[in-house]
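Heads up: the structure comes next, in structure tokens.
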Amino acid sequence: MLIAAASFVIRLGSGKVFDRYGPAMILIPGSILSIAGLIMLYAAVSDSMFFLAALLYGFGFGAIFPALQTWCMNAVGEHEHEDAMASFFNSFDLGIGGGSLILGIIADVFSSYQTVYMVASMMYAGCLVLYIGRLWAKKKSFNRASDFGSE
């Protein structure tokens with residue numbers, strides 16, 4: 001319930017931030033919040049830590065999911081929206097289903113849900129590193145192109 005409530009609350013303002021500043025201003029903080037929530041869940045020893053983990057994860061995931069969906073729509077022409085959304089949701093469903101299966105196997109092998117939360121946080125961190133690397137490469141490419149154009 002806390003995850004759903006946090007997701008709802010964050011979505012009230014995250015769309016405006018996305019529209020004004022772009023996906024990085026949502027995806028980077030959202031990923032950090034999700035990672036923090038999963039790490040807190042990993043380390044939780046009290047109800048208040050579980051509740052805080054739920055809020056952090058809810059804020060993060062609640063911001064990330066619609067931002068990814070909007071980014072996907074913005075990346076294609078209007079005539080490709082249906083195909084883009086079909087691909088987006090199929091990929092999301094495969095990730096949820098496949099990820100659940102893999103994390104279930106990890107929980108069984110390590111006999112620990114804590115390991116599952118740490119692996120999930122590492123997956124988020126990996127995606128964050130890939131995204132930041134993409135931004136950095138794009139910026140570097142833009143700087144080279146503008147340097148070339150000024151000659």
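Identifiers for the structure tokens are assigned positionally: chains receive A, B, ... in sequence, residues are indexed from 1 per chain, and ligands are indexed from 1 in the order shown.
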Please provide as a CSV table (one decimal) with C-alpha atoms, in the first residue's frame all residues within 12 Å of Ile132 in chain A, with the sequence filter that same-chain residues fewer than 3 positions apart are discarded (counting only C-alpha atoms).
chain,number,residue,atom,x,y,z
A,23,PRO,CA,14.1,12.2,-18.9
A,24,ALA,CA,17.5,12.5,-17.0
A,25,MET,CA,15.9,14.7,-14.3
A,27,LEU,CA,15.4,8.7,-14.4
A,28,ILE,CA,18.6,9.5,-12.4
A,29,PRO,CA,16.9,10.5,-9.1
A,31,SER,CA,16.9,5.2,-9.9
A,125,ALA,CA,22.6,0.5,-10.5
A,126,GLY,CA,23.7,-1.2,-13.8
A,127,CYS,CA,20.9,0.5,-15.7
A,128,LEU,CA,21.7,3.8,-14.1
A,129,VAL,CA,25.4,3.5,-15.1
A,135,LEU,CA,24.3,10.7,-21.7
A,136,TRP,CA,28.0,11.2,-21.4
A,137,ALA,CA,28.6,9.7,-24.9
A,138,LYS,CA,25.9,11.8,-26.4
A,139,LYS,CA,27.3,15.0,-24.8
* Skipping near chain neighbours, those fewer than 5 positions away, what residues fall within 12 Å of Ala86 in chain A using only C-alpha atoms, listed as an MDAnalysis selection string? -> chainID A and resid 69 72:73 80:81 91:93
Dump of C-alpha atoms for the selected residues, as a PDB file, in the first residue's frame:
ATOM      1  CA  GLN A  69       6.908   5.262 -21.206  1.00  0.00           C
ATOM      2  CA  CYS A  72       9.575   5.769 -25.536  1.00  0.00           C
ATOM      3  CA  MET A  73       6.683   7.698 -27.090  1.00  0.00           C
ATOM      4  CA  GLU A  80       4.754   4.458 -34.593  1.00  0.00           C
ATOM      5  CA  HIS A  81       3.183   5.028 -31.159  1.00  0.00           C
ATOM      6  CA  SER A  91       9.609  -5.748 -22.754  1.00  0.00           C
ATOM      7  CA  PHE A  92       8.329  -4.637 -19.357  1.00  0.00           C
ATOM      8  CA  ASP A  93       6.270  -7.819 -18.953  1.00  0.00           C
TER       9      ASP A  93
END
* Structure fact -> Using only C-alpha atoms, the residue out of A:Gly30, A:Gly98, A:Gly13, A:Gly104 with shortest distance to Tyr124 in chain A is A:Gly30
* Pick from A:Ala43, A:Leu38, A:Leu52, A:Ile64: nearest to Ala120 in chain A, with only C-alpha atoms counted? ->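 That would be A:Leu38, the residue with the smallest distance to Ala120 in chain A.
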* Which residue out of A:Leu94, A:Leu68, A:Ala54, A:Val9 has the minimum interatomic distance to Tyr42 in chain A when only C-alpha atoms are used? -> A:Ala54
